Structure formats: structure tokens, C-alpha cells
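Q: The structure file protein-v3.txt (compact mmCIF, C-alpha atoms and all ligand atoms) is provided below.
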# COMPACT_ATOMS: atom_id res chain seq x y z
CA MET A 9 -20.74 -41.29 25.27
CA THR A 10 -17.24 -39.85 25.08
CA TYR A 11 -17.78 -38.50 21.56
CA ILE A 12 -20.46 -36.14 22.85
CA ALA A 13 -18.78 -32.76 23.17
CA LYS A 14 -19.65 -30.44 26.01
CA PRO A 15 -21.68 -27.35 25.07
CA ARG A 16 -19.35 -24.67 23.76
CA LEU A 17 -21.26 -21.83 25.36
CA HIS A 18 -20.38 -20.85 28.89
CA HIS A 19 -20.96 -17.97 31.24
CA PRO A 20 -19.02 -14.93 29.94
CA GLU A 21 -17.84 -14.04 33.44
CA LEU A 22 -16.11 -17.33 34.24
CA PRO A 23 -12.82 -16.65 36.08
CA LYS A 24 -9.76 -16.61 33.81
CA ASN A 25 -6.17 -17.51 34.62
CA LYS A 26 -3.10 -15.51 33.55
CA LEU A 27 -3.26 -17.01 30.05
CA GLY A 28 -6.86 -15.85 29.64
CA PHE A 29 -8.18 -19.43 29.81
CA THR A 30 -11.18 -20.50 31.85
CA ARG A 31 -11.47 -23.82 33.66
CA ARG A 32 -13.50 -25.04 30.69
CA ASP A 33 -10.36 -24.83 28.53
CA TYR A 34 -8.81 -27.54 30.72
CA GLU A 35 -11.80 -29.90 30.57
CA GLY A 36 -12.36 -32.80 28.17
CA SER A 37 -15.37 -34.75 26.94
CA VAL A 38 -18.39 -35.64 29.06
CA SER A 39 -17.50 -38.46 31.47
CA THR A 40 -19.11 -41.87 30.94
CA LEU A 41 -18.04 -43.21 34.35
CA CYS A 42 -20.64 -44.23 36.95
CA ALA A 43 -22.17 -41.28 38.82
CA GLY A 44 -20.21 -40.86 42.08
CA CYS A 45 -17.05 -42.64 40.87
CA GLY A 46 -14.02 -41.24 42.68
CA HIS A 47 -12.12 -41.05 39.39
CA ASP A 48 -14.32 -38.13 38.23
CA SER A 49 -13.31 -36.14 41.32
CA ILE A 50 -9.64 -36.75 40.50
CA SER A 51 -10.24 -35.46 36.96
CA ALA A 52 -11.78 -32.31 38.47
CA ALA A 53 -8.72 -31.87 40.72
CA ILE A 54 -6.35 -32.28 37.74
CA ILE A 55 -8.31 -29.65 35.78
CA GLN A 56 -8.16 -27.27 38.75
CA ALA A 57 -4.41 -27.77 39.29
CA PHE A 58 -3.44 -27.07 35.65
CA PHE A 59 -5.81 -24.09 35.50
CA ASP A 60 -4.35 -22.67 38.74
CA LEU A 61 -0.78 -23.02 37.50
CA ASP A 62 -1.54 -21.26 34.17
CA VAL A 63 -0.10 -24.19 32.23
CA PRO A 64 -0.64 -23.86 28.47
CA PRO A 65 -2.59 -27.05 27.62
CA HIS A 66 -0.39 -27.79 24.58
CA ARG A 67 2.57 -28.17 26.94
CA VAL A 68 1.05 -31.25 28.61
CA ALA A 69 1.19 -34.89 27.56
CA LYS A 70 -1.26 -37.19 29.37
CA LEU A 71 -0.76 -40.93 29.09
CA SER A 72 -2.65 -43.89 30.49
CA GLY A 73 -3.13 -47.66 30.29
CA ILE A 74 -6.43 -49.56 30.38
CA GLY A 75 -9.21 -49.37 32.98
CA CYS A 76 -11.91 -46.93 34.09
CA SER A 77 -9.09 -44.85 35.59
CA SER A 78 -7.13 -44.97 32.36
CA LYS A 79 -10.19 -43.74 30.44
CA THR A 80 -10.25 -40.52 32.45
CA PRO A 81 -7.69 -38.52 30.39
CA THR A 82 -10.51 -38.24 27.83
CA TYR A 83 -12.41 -36.20 30.41
CA PHE A 84 -9.74 -33.58 31.16
CA LEU A 85 -7.16 -31.51 29.28
CA GLY A 86 -8.94 -31.91 25.95
CA ASN A 87 -6.45 -29.53 24.31
CA SER A 88 -3.35 -31.46 25.44
CA HIS A 89 -1.40 -34.31 23.87
CA GLY A 90 -2.72 -37.74 24.83
CA PHE A 91 -1.86 -41.40 24.41
CA ASN A 92 -3.93 -44.31 25.68
CA SER A 93 -1.50 -47.23 25.74
CA VAL A 94 -1.85 -50.99 26.29
CA HIS A 95 -2.81 -52.34 29.76
CA GLY A 96 0.09 -51.68 32.17
CA ARG A 97 2.40 -50.21 29.55
CA MET A 98 1.90 -46.50 30.18
CA PRO A 99 5.19 -46.04 32.10
CA SER A 100 7.44 -47.20 29.26
CA VAL A 101 5.52 -45.19 26.66
CA LEU A 102 5.75 -42.14 28.91
CA THR A 103 9.48 -42.71 29.48
CA GLY A 104 10.11 -42.87 25.74
CA ALA A 105 8.05 -39.76 25.03
CA ASN A 106 9.83 -37.90 27.83
CA LEU A 107 13.25 -38.83 26.47
CA ALA A 108 12.26 -37.63 23.00
CA ASN A 109 10.74 -34.35 24.18
CA ARG A 110 11.73 -33.16 27.64
CA GLU A 111 9.93 -29.86 27.20
CA LEU A 112 6.44 -31.21 27.92
CA ILE A 113 4.87 -31.85 31.32
CA TYR A 114 4.15 -35.57 31.59
CA LEU A 115 1.07 -36.82 33.41
CA GLY A 116 0.64 -40.59 33.74
CA VAL A 117 -2.79 -41.75 34.90
CA SER A 118 -3.27 -45.36 35.88
CA GLY A 119 -5.29 -47.74 38.05
CA ASP A 120 -4.33 -50.16 40.79
CA GLY A 121 -4.88 -53.03 38.36
CA ASP A 122 -2.95 -51.27 35.62
CA SER A 123 0.04 -50.40 37.86
CA ALA A 124 0.07 -53.01 40.65
CA SER A 125 -0.68 -56.14 38.57
CA ILE A 126 0.10 -56.32 34.86
CA GLY A 127 2.14 -53.09 34.91
CA LEU A 128 4.05 -53.60 38.16
CA GLY A 129 7.42 -54.04 36.45
CA GLN A 130 6.80 -51.00 34.30
CA PHE A 131 5.83 -48.94 37.34
CA ALA A 132 8.97 -50.05 39.18
CA HIS A 133 11.38 -49.04 36.44
CA ALA A 134 9.79 -45.64 35.80
CA MET A 135 10.13 -44.86 39.53
CA ARG A 136 13.69 -46.09 39.90
CA ARG A 137 14.81 -44.19 36.80
CA GLY A 138 13.44 -40.90 38.12
CA VAL A 139 11.38 -40.09 35.03
CA ASN A 140 10.23 -36.47 35.35
CA MET A 141 6.47 -36.97 35.56
CA VAL A 142 3.38 -36.85 37.68
CA TYR A 143 2.20 -40.45 38.11
CA ILE A 144 -1.30 -40.81 39.57
CA VAL A 145 -2.76 -44.17 40.54
CA GLU A 146 -6.53 -43.97 40.98
CA ASN A 147 -6.71 -46.71 43.59
CA ASN A 148 -10.08 -48.40 44.20
CA GLY A 149 -8.86 -51.88 45.17
CA VAL A 150 -10.68 -53.53 42.26
CA TYR A 151 -10.60 -53.98 38.52
CA GLY A 152 -13.57 -51.65 38.00
CA LEU A 153 -13.73 -51.91 34.23
CA THR A 154 -13.95 -55.72 34.25
CA LYS A 155 -16.63 -55.80 36.95
CA GLY A 156 -14.96 -55.61 40.32
CA GLN A 157 -12.44 -58.43 40.85
CA PHE A 158 -10.02 -57.79 43.77
CA SER A 159 -6.88 -56.01 42.64
CA ALA A 160 -3.42 -56.40 44.17
CA THR A 161 -4.00 -53.34 46.39
CA ALA A 162 -7.11 -54.85 48.04
CA ASP A 163 -6.35 -55.36 51.72
CA LYS A 164 -6.16 -58.90 53.09
CA GLY A 165 -9.45 -59.67 54.85
CA SER A 166 -11.44 -57.01 52.99
CA LYS A 167 -14.68 -58.13 51.37
CA ALA A 168 -16.09 -58.01 47.86
CA LYS A 169 -19.61 -56.74 47.17
CA ARG A 170 -21.12 -60.23 47.44
CA GLY A 171 -19.15 -61.12 50.58
CA ALA A 172 -16.14 -63.02 49.21
CA VAL A 173 -13.07 -62.44 51.40
CA ASN A 174 -9.71 -61.43 49.93
CA ASN A 175 -7.16 -63.88 51.35
CA GLU A 176 -4.15 -62.49 49.52
CA GLY A 177 -1.67 -59.96 50.88
CA SER A 178 -1.86 -56.48 49.41
CA ILE A 179 0.67 -54.26 47.66
CA ASP A 180 1.07 -50.76 49.07
CA MET A 181 1.99 -48.53 46.13
CA VAL A 182 3.30 -45.77 48.39
CA THR A 183 5.75 -48.05 50.20
CA LEU A 184 6.83 -49.45 46.87
CA ALA A 185 7.37 -46.03 45.29
CA LEU A 186 9.48 -44.94 48.28
CA GLU A 187 11.57 -48.08 48.16
CA LEU A 188 12.06 -47.75 44.40
CA GLY A 189 13.38 -44.20 44.65
CA ALA A 190 10.47 -41.89 43.75
CA THR A 191 11.45 -38.41 44.95
CA PHE A 192 7.93 -37.09 45.61
CA VAL A 193 5.48 -39.49 47.21
CA ALA A 194 1.97 -38.61 48.35
CA ARG A 195 -1.31 -40.24 49.16
CA SER A 196 -4.69 -38.61 49.02
CA PHE A 197 -8.40 -39.30 48.75
CA SER A 198 -10.62 -38.42 45.79
CA GLY A 199 -13.13 -36.94 48.26
CA ASP A 200 -10.59 -34.44 49.64
CA LYS A 201 -10.16 -31.78 46.97
CA ASP A 202 -8.51 -29.36 49.40
CA GLN A 203 -5.69 -31.82 49.92
CA LEU A 204 -5.51 -33.27 46.41
CA VAL A 205 -5.31 -30.08 44.30
CA PRO A 206 -2.21 -28.62 46.01
CA LEU A 207 -0.57 -32.06 45.93
CA ILE A 208 -1.04 -32.24 42.15
CA ARG A 209 0.25 -28.67 41.72
CA ALA A 210 3.36 -29.46 43.77
CA ALA A 211 3.91 -32.71 41.86
CA ILE A 212 3.77 -30.82 38.55
CA ALA A 213 6.53 -28.50 39.78
CA HIS A 214 8.66 -31.39 41.07
CA GLN A 215 11.60 -32.16 38.75
CA GLY A 216 11.66 -35.95 39.09
CA ALA A 217 9.42 -38.96 39.63
CA ALA A 218 6.35 -37.71 41.51
CA PHE A 219 3.91 -40.38 42.60
CA ILE A 220 0.43 -39.82 44.03
CA ASP A 221 -1.67 -42.75 45.24
CA VAL A 222 -5.26 -41.52 45.33
CA ILE A 223 -7.83 -43.70 47.08
CA SER A 224 -10.76 -43.44 44.70
CA PRO A 225 -13.87 -45.44 45.66
CA CYS A 226 -15.57 -47.55 42.98
CA VAL A 227 -19.25 -46.99 43.72
CA ALA A 228 -20.33 -49.87 41.49
CA PHE A 229 -18.21 -52.64 43.05
CA ASN A 230 -16.25 -51.54 46.12
CA ASN A 231 -18.15 -49.04 48.24
CA HIS A 232 -19.79 -51.29 50.83
CA PRO A 233 -19.17 -52.25 54.48
CA GLY A 234 -16.24 -54.69 54.46
CA SER A 235 -14.32 -52.70 51.83
CA THR A 236 -11.27 -50.70 52.93
CA LYS A 237 -11.50 -48.47 49.83
CA SER A 238 -15.04 -47.14 50.42
CA TYR A 239 -15.94 -43.49 51.08
CA ASP A 240 -16.93 -44.29 54.67
CA PHE A 241 -13.83 -46.34 55.50
CA VAL A 242 -11.38 -43.77 54.14
CA ARG A 243 -13.13 -40.90 55.92
CA GLU A 244 -13.03 -42.82 59.21
CA HIS A 245 -9.39 -44.00 58.96
CA ASN A 246 -7.70 -41.03 57.31
CA ASP A 247 -4.53 -39.93 59.12
CA ALA A 248 -3.41 -36.71 57.37
CA VAL A 249 0.17 -35.84 58.36
CA ASN A 250 0.28 -32.37 56.82
CA ARG A 251 -1.56 -29.79 54.76
CA LEU A 252 0.25 -28.45 51.77
CA ASP A 253 0.43 -24.90 50.49
CA PHE A 254 2.18 -24.71 47.16
CA MET A 255 3.74 -21.53 45.79
CA PRO A 256 5.14 -21.52 42.23
CA ALA A 257 8.60 -19.99 41.87
CA ARG A 258 7.25 -16.70 40.58
CA SER A 259 4.76 -15.92 43.36
CA GLU A 260 5.41 -13.66 46.32
CA ILE A 261 5.37 -15.44 49.66
CA THR A 262 3.11 -13.51 51.99
CA THR A 263 1.33 -15.84 54.44
CA GLU A 264 2.80 -16.13 57.93
CA TYR A 265 2.64 -19.22 60.09
CA ALA A 266 3.54 -19.91 63.70
CA PRO A 267 7.06 -21.36 63.90
CA GLY A 268 7.05 -25.06 64.67
CA ALA A 269 3.77 -25.62 62.82
CA LEU A 270 5.43 -25.21 59.46
CA ARG A 271 8.13 -26.84 57.37
CA GLU A 272 9.19 -25.08 54.18
CA VAL A 273 10.75 -27.07 51.38
CA VAL A 274 12.21 -25.26 48.38
CA GLN A 275 12.13 -27.42 45.26
CA HIS A 276 14.65 -27.50 42.45
CA ASP A 277 12.66 -25.09 40.25
CA GLY A 278 12.40 -22.54 43.07
CA SER A 279 8.80 -23.36 44.01
CA VAL A 280 8.09 -23.53 47.73
CA LEU A 281 6.18 -26.27 49.51
CA ARG A 282 4.77 -25.10 52.82
CA LEU A 283 3.90 -28.11 54.91
CA ARG A 284 1.59 -27.18 57.72
CA LYS A 285 2.19 -29.98 60.13
CA LEU A 286 -0.76 -31.82 61.57
CA HIS A 287 1.66 -34.19 63.28
CA GLU A 288 4.21 -32.11 65.10
CA ASP A 289 7.23 -34.37 64.52
CA TYR A 290 6.47 -35.60 60.99
CA ASP A 291 9.33 -34.74 58.66
CA ALA A 292 8.55 -35.41 54.98
CA THR A 293 12.24 -35.19 54.02
CA ASP A 294 13.41 -37.98 56.35
CA LYS A 295 12.83 -41.11 54.28
CA LEU A 296 13.65 -43.66 56.96
CA ALA A 297 11.37 -42.00 59.50
CA VAL A 298 8.60 -41.78 56.88
CA MET A 299 8.86 -45.49 56.08
CA ASN A 300 8.78 -46.33 59.76
CA TYR A 301 5.73 -44.12 60.38
CA LEU A 302 3.84 -45.61 57.43
CA GLN A 303 4.39 -49.15 58.71
CA GLN A 304 3.25 -48.21 62.21
CA ARG A 305 0.04 -46.57 61.02
CA LYS A 306 -0.67 -49.37 58.57
CA ALA A 307 -0.47 -51.88 61.44
CA ALA A 308 -3.00 -49.71 63.29
CA GLY A 309 -5.38 -49.83 60.30
CA GLU A 310 -4.92 -46.17 59.36
CA ILE A 311 -4.55 -44.69 55.86
CA VAL A 312 -1.85 -42.03 55.99
CA THR A 313 -2.42 -39.12 53.57
CA GLY A 314 -0.64 -35.90 52.64
CA LEU A 315 2.76 -35.19 51.18
CA LEU A 316 4.56 -38.17 52.68
CA TYR A 317 8.05 -37.74 51.24
CA VAL A 318 9.88 -35.20 49.12
CA HIS A 319 13.51 -34.96 48.06
CA PRO A 320 13.98 -31.28 47.15
CA GLU A 321 17.21 -31.93 45.23
CA ALA A 322 15.74 -34.67 43.07
CA GLU A 323 17.55 -35.71 39.90
CA ASP A 324 15.57 -36.73 36.87
CA LEU A 325 16.39 -39.24 34.15
CA HIS A 326 17.70 -36.59 31.75
CA ARG A 327 20.25 -35.38 34.27
CA LEU A 328 21.29 -38.94 35.11
CA LEU A 329 21.75 -39.78 31.41
CA ASN A 330 23.26 -36.39 30.60
CA THR A 331 21.00 -35.99 27.60
CA VAL A 332 20.87 -33.02 25.25
CA ALA A 333 19.03 -30.02 26.74
CA VAL A 334 16.38 -29.65 24.03
CA ALA A 335 13.65 -31.78 22.50
CA LEU A 336 15.05 -34.16 19.87
CA ASN A 337 12.83 -32.64 17.17
CA ALA A 338 14.62 -29.31 17.72
CA LEU A 339 18.00 -30.74 16.73
CA SER A 340 19.39 -29.75 13.36
CA GLU A 341 20.82 -32.08 10.73
CA LYS A 342 24.30 -30.89 11.75
CA ASP A 343 23.63 -32.03 15.35
CA LEU A 344 22.21 -35.35 14.23
CA VAL A 345 24.89 -36.13 11.62
CA PRO A 346 28.09 -34.71 13.11
CA GLY A 347 30.37 -36.52 10.65
CA ALA A 348 32.99 -39.30 10.63
CA ALA A 349 35.52 -37.47 12.84
CA ALA A 350 32.98 -37.02 15.64
CA LEU A 351 31.96 -40.67 15.33
CA GLU A 352 35.57 -41.80 15.53
CA LYS A 353 36.12 -39.66 18.63
CA PHE A 354 33.01 -41.12 20.26
CA ASN A 355 34.01 -44.70 19.44
CA ALA A 356 37.48 -44.04 20.82
CA SER A 357 35.96 -42.88 24.10
CA LEU A 358 34.29 -46.27 24.47
CA ARG A 359 37.41 -48.36 23.85
C1 LIG A 401 -3.49 -57.37 28.32
C2 LIG A 401 -4.82 -57.20 29.00
N1 LIG A 401 -5.16 -58.00 30.02
C3 LIG A 401 -6.35 -57.85 30.64
C4 LIG A 401 -7.21 -56.88 30.24
C5 LIG A 401 -8.56 -56.75 30.92
N2 LIG A 401 -8.63 -55.59 31.78
C6 LIG A 401 -9.11 -54.42 31.33
S1 LIG A 401 -9.11 -53.23 32.49
C7 LIG A 401 -8.44 -54.29 33.63
C8 LIG A 401 -8.17 -53.86 35.04
C9 LIG A 401 -8.46 -52.45 35.33
O1 LIG A 401 -8.28 -52.20 36.70
P1 LIG A 401 -7.66 -50.84 37.18
O2 LIG A 401 -6.39 -50.55 36.50
O3 LIG A 401 -7.61 -50.92 38.67
O4 LIG A 401 -8.70 -49.74 36.69
P2 LIG A 401 -10.15 -49.38 37.24
O5 LIG A 401 -11.09 -49.87 36.18
O6 LIG A 401 -10.37 -50.04 38.54
O7 LIG A 401 -10.11 -47.90 37.35
C10 LIG A 401 -8.25 -55.55 33.09
C11 LIG A 401 -7.69 -56.70 33.85
C12 LIG A 401 -6.83 -56.06 29.16
N3 LIG A 401 -7.60 -55.06 28.72
N4 LIG A 401 -5.62 -56.23 28.57
S1 LIG A 402 -17.11 -49.41 37.56
FE1 LIG A 402 -16.25 -48.44 39.38
S2 LIG A 402 -14.28 -47.54 38.70
FE2 LIG A 402 -15.53 -47.95 36.86
S3 LIG A 402 -16.65 -46.04 36.45
FE3 LIG A 402 -17.98 -47.35 37.71
S4 LIG A 402 -17.57 -46.67 39.82
FE4 LIG A 402 -15.86 -45.94 38.56
MG MG A 403 -8.91 -50.22 40.07
Show this structure as C-alpha cells.
A:
Amino acid sequence: MTYIAKPRLHHPELPKNKLGFTRRDYEGSVSTLCAGCGHDSISAAIIQAFFDLDVPPHRVAKLSGIGCSSKTPTYFLGNSHGFNSVHGRMPSVLTGANLANRELIYLGVSGDGDSASIGLGQFAHAMRRGVNMVYIVENNGVYGLTKGQFSATADKGSKAKRGAVNNEGSIDMVTLALELGATFVARSFSGDKDQLVPLIRAAIAHQGAAFIDVISPCVAFNNHPGSTKSYDFVREHNDAVNRLDFMPARSEITTEYAPGALREVVQHDGSVLRLRKLHEDYDATDKLAVMNYLQQRKAAGEIVTGLLYVHPEAEDLHRLLNTVAVALNALSEKDLVPGAAALEKFNASLR
């Protein structure tokens, strides 16, 4: 059960990051998900990414909705801020928290049911507003928590565990995020830690709406022949367009690559994304070409993964709204109550 704490003792020689924390300091409670659930692998990747980046856990706010996927923040970053919201409402709660305190790193964790059905409107507005966050959808094509009904991301023609065919068209969260204006869009697979961890690290550094769709098989209800979200199907149809190396702003860049096989993208905060191209002509900064490529591969039955699109000069909601540069709780009474003359001046500016 989630209230069972992990043993406090650990090997004294566990590797430490620059803050002196071990990986254990980024873990949470013992997971209660089914053994083999893809969501647990995503939790492990999140733990690894925050450990690698030396992020102080108290600087992170993790938010979620309802579902097996939305339960996972209990299993990682146990020393961070957390809020488990109502089904599909995580994006607006995250937006509000972000506006109140821009100094935290915001991590939204959701499911395909949570974000593509009941929370679709919420998802859309968080993306179009450019909320500075990492938004992960743990996509298994079903409502796992309520026993495996098809979700809106289940592909047309795919089959449920007992053979029922899904006759409805599916929603592709990646296409939607691109269309809505997300400035960092990626897709990955819970079974590919080598791809997923650097993607999460890069998304944390991105100063804008970063969206990662992670195909995450549900072993209880959607991991059978006929499913397009099973371990076997994703392994067989994975079309990775690039491999990402992520270097935070402070690190020295040493590795050399053959010209032509590499595209470097410098992000707003100075961090460098090194995209080792697996497809020679794939350019993750050309949005139109990306959208075109995704449609072509989708028609061919492939699942495109990697860093699909990035806008290095992304603008986040705070810049668009021209908000104050500090967290609201750091403002003094003088800032908050500037007096009648200031109010009159402000009102005059609106007339
Ligand atoms: C307002 C509301 N409607 C419906 C539900 C029932 N419900 C709980 S979880 C869920 C879907 C979860 O699916 P998903 O987000 O894909 O998460 P998964 O369990 O697959 O990880 C639903 C419909 C609810 N809890 N609240
Ligand atoms: S029901 Fe599916 S999504 Fe939920 S914990 Fe089990 S395997 Fe994971
Ligand atoms: Mg789901």
C-alpha cells in the first residue's frame, strides 16, 4: 500500500549528485501498480532525470489528475510539493500554481483518459498558453484504473483484451500539442529508458510548454495481440527520428560528432540539445515538416519517437502576461498595496 514507506537504510556507497543526494532521495513510496506496468518505468525515468540534473527536490511541484498514471507522483519525488487534483483538472491547477510561484519546476503527470477525454479542454488551454511545465501523458490507450475501457487515444481497429474492436477514431496527443502551440513536443516509450531520460531532462530545461507523450503499456488490460499500445507492437513499429544528448547550461561540451549526423539546438536557458539524427533530413525545428512527417508515418502504421519538435526561443505564459519576476509570496505589503495614486494611474491606463 502507498502508506508503506521504503526502508530508510541503503548502501552507504550509493552514487551521489552534486547536492550530495542519492537516487533514493528522489524516490517516493512503494508503488502499488501492477507488476510490469509501463507507468513504473516512467517514474524511474523521472527519478533519474531529476537526480542527474541535481535539482533540489523542494524546488519541484508535481501535479496530476485521476488514474493509475495520476497515482504515480506518490512513487517519485517524495520530498517535493505535490497536488493530486480532480479527474482532468490538473492543467488548470498547475497553471494557477505556476502563476502564483514561478520559481518552482512544474511537472504535470496525466493519463490518456485524464488528458484526452475529460481533460481535453484543460490540456488544450495549458498548451496554447505556453505554461512553463513538463507535461507527461502516460499513454496506454485505456482507462486502466477503471478496468480497461478504450480511451480516446486507442487506435481505430485495435482490439480490447476480450476481442471487442474499437470503431472510433483516435486522438493523437502529439499532433494536438503541436497544433496548439506547445514549444517542446516529444514521444517516447516507457520501455526505452535511454531515450526517455534525456527527453525528460531536456523538457525540464525548456522554458515553455514541454509535452511528452509516453506510450506506456497496461499489462492488465492492453498488452495483447490486437493492441497498438502493447510492448510488442511498440517495439516492432517504433520509428525513432533522433537520439538526444542533453547538456545543462553549466556543463562543458566535449563530445565530438561527425558533421551532418548532428543538429545542435541551444535553448533559452543556455542548455544545449544535441540531436543525433537517425533520419538524415529530419529537422526538429521545422514545424510544418514535422507535422507532415508525422502524418506520413502514421499512415504507414509507425509510431514516431524522439524529440519531434522544439522551438528554442519559446515564450512562456509569464513573459506573455508580463508578470512580476518573483513568486507572489515574496512581494511586500508595499508592492501589494501601492496606494490610491498608483491605482488611479492604472485605471487611467485602461480608459
Ligand atoms: C469526474 C470523474 N469521472 C470519471 C471518473 C472515473 N475514472 C477514474 S480514472 C478514469 C480514467 C483513467 O484513465 P487514464 O487517465 O488513461 O489513466 P490510466 O489509469 O490508464 O493510467 C476514470 C474515467 C472519475 N474518477 N472522476
Ligand atoms: S491496471 Fe494497467 S495502468 Fe493500472 S497499474 Fe495495472 S497495468 Fe498499470
Ligand atoms: Mg490510460
Q: Which polymer residues have any atom within 6 Å of an atom of Arg195 (chain A), counting all atoms listed in the file, with same-chain residues fewer than 5 positions away left out, as a list in words?
A: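 Non-adjacent residues within range: Ile220, Asp221, Val222, Thr313 and Gly314 of chain A.
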Q: Using all atoms listed in the file, pick whichever of A:Phe58, A:Phe229, A:Phe29, A:Phe84 has the shortest atom-to-atom distance to ligand LIG 401 (chain A).
A: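 Nearest to ligand LIG 401 (chain A): A:Phe229.
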Q: Can you tell me, as a VMD selection string, what residues are no more than 9 Å from region 289-293 of chain A when counting all atoms listed in the file, ignoring any on the same chain fewer than 5 positions away?
A: chain A and resid 249 to 250 271 273 283 298 301 315 to 320
Q: Within 12 Å of region 150-153 of chain A, counting only C-alpha atoms, which residues show up once you throw out same-chain ones fewer than 2 positions away? Write them as a PyMOL selection string, please.
A: chain A and resi 40-42+45-47+74-79+95+118-126+146-148+155-163+166-169+174+178+223-231+235-238
Q: Find the residue from A:Arg282, A:Arg97, A:Arg137, A:Lys26 that sits nearest to ligand LIG 401 (chain A); use all atoms listed in the file when measuring.
A: A:Arg97
Q: With all atoms listed in the file as the atoms that count, which of A:Thr191, A:Ser93, A:Thr154, A:Asn330 lies nearest to ligand LIG 402 (chain A)?
A: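 Of A:Thr191, A:Ser93, A:Thr154, A:Asn330, the one nearest ligand LIG 402 (chain A), counting all atoms listed in the file, is A:Thr154.
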Q: Hey, which of A:Lys164, A:Lys201, A:Arg359, A:Arg305 ends up closest to Asp247 (chain A)? Count only C-alpha atoms.
A: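 Going through A:Lys164, A:Lys201, A:Arg359, A:Arg305 one by one, the smallest distance to Asp247 (chain A) is for A:Arg305.
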Q: Measure the distance from CA of Tyr83 (chain A) to CA of Glu35 (chain A) in Å and round it to one decimal.
A: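 Distance reported for this atom pair: 6.3 Å.
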Q: Hey, could you pull the box centre and edge lengths for ligand LIG 402 (chain A), axis-aligned, 6 Å padding per side, all listed atoms, to one decimal in Å, as JSON?
A:
{"center_x": -16.1, "center_y": -47.7, "center_z": 38.1, "size_x": 15.7, "size_y": 15.5, "size_z": 15.4}
Q: Pick the closest to Val242 (chain A) from A:Leu71, A:Val139, A:Val173, A:Ile311: which is it, counting all atoms listed in the file?
A: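 Nearest to Val242 (chain A): A:Ile311.
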Q: Could you pull region 246-253 of chain A out of the block above and save it with all heavy atoms, as a CSV table (one decimal), in the first residue's frame?
A:
chain,number,residue,atom,x,y,z
A,246,ASN,N,8.4,1.1,-33.8
A,246,ASN,CA,9.0,2.3,-33.3
A,246,ASN,C,9.9,2.9,-34.4
A,246,ASN,O,10.8,2.3,-34.9
A,246,ASN,CB,9.8,2.0,-32.1
A,246,ASN,CG,10.3,3.2,-31.4
A,246,ASN,OD1,10.3,4.3,-31.9
A,246,ASN,ND2,10.8,3.0,-30.1
A,247,ASP,N,9.6,4.2,-34.8
A,247,ASP,CA,10.4,4.9,-35.8
A,247,ASP,C,11.1,6.1,-35.0
A,247,ASP,O,10.5,7.1,-34.9
A,247,ASP,CB,9.5,5.4,-36.9
A,247,ASP,CG,10.3,6.3,-37.9
A,247,ASP,OD1,11.5,6.2,-38.0
A,247,ASP,OD2,9.6,7.2,-38.5
A,248,ALA,N,12.3,5.8,-34.5
A,248,ALA,CA,13.0,6.9,-33.7
A,248,ALA,C,13.7,7.8,-34.7
A,248,ALA,O,14.5,7.4,-35.5
A,248,ALA,CB,14.0,6.3,-32.7
A,249,VAL,N,13.4,9.1,-34.6
A,249,VAL,CA,13.9,10.1,-35.6
A,249,VAL,C,15.3,10.7,-35.1
A,249,VAL,O,16.0,11.1,-35.9
A,249,VAL,CB,13.0,11.3,-35.9
A,249,VAL,CG1,11.8,10.8,-36.7
A,249,VAL,CG2,12.5,12.0,-34.6
A,250,ASN,N,15.5,10.6,-33.8
A,250,ASN,CA,16.8,11.1,-33.3
A,250,ASN,C,17.1,10.5,-32.0
A,250,ASN,O,16.2,9.9,-31.3
A,250,ASN,CB,16.8,12.7,-33.3
A,250,ASN,CG,15.5,13.2,-32.6
A,250,ASN,OD1,15.1,12.7,-31.6
A,250,ASN,ND2,15.0,14.3,-33.1
A,251,ARG,N,18.3,10.7,-31.5
A,251,ARG,CA,18.7,10.4,-30.2
A,251,ARG,C,19.2,11.7,-29.6
A,251,ARG,O,20.0,12.4,-30.2
A,251,ARG,CB,19.9,9.4,-30.2
A,251,ARG,CG,19.4,8.0,-30.4
A,251,ARG,CD,19.0,7.3,-29.1
A,251,ARG,NE,18.2,6.1,-29.4
A,251,ARG,CZ,17.5,5.4,-28.5
A,251,ARG,NH1,17.5,5.9,-27.2
A,251,ARG,NH2,16.8,4.4,-28.8
A,252,LEU,N,18.8,11.9,-28.3
A,252,LEU,CA,19.1,13.2,-27.7
A,252,LEU,C,20.2,13.1,-26.7
A,252,LEU,O,20.2,12.2,-25.9
A,252,LEU,CB,17.8,13.7,-27.1
A,252,LEU,CG,17.9,15.0,-26.3
A,252,LEU,CD1,18.1,16.2,-27.2
A,252,LEU,CD2,16.6,15.2,-25.5
A,253,ASP,N,21.2,14.0,-26.8
A,253,ASP,CA,22.1,14.3,-25.7
A,253,ASP,C,21.8,15.6,-25.2
A,253,ASP,O,21.7,16.6,-25.9
A,253,ASP,CB,23.5,14.3,-26.2
A,253,ASP,CG,24.0,12.9,-26.6
A,253,ASP,OD1,23.6,11.9,-25.9
A,253,ASP,OD2,24.6,12.7,-27.6
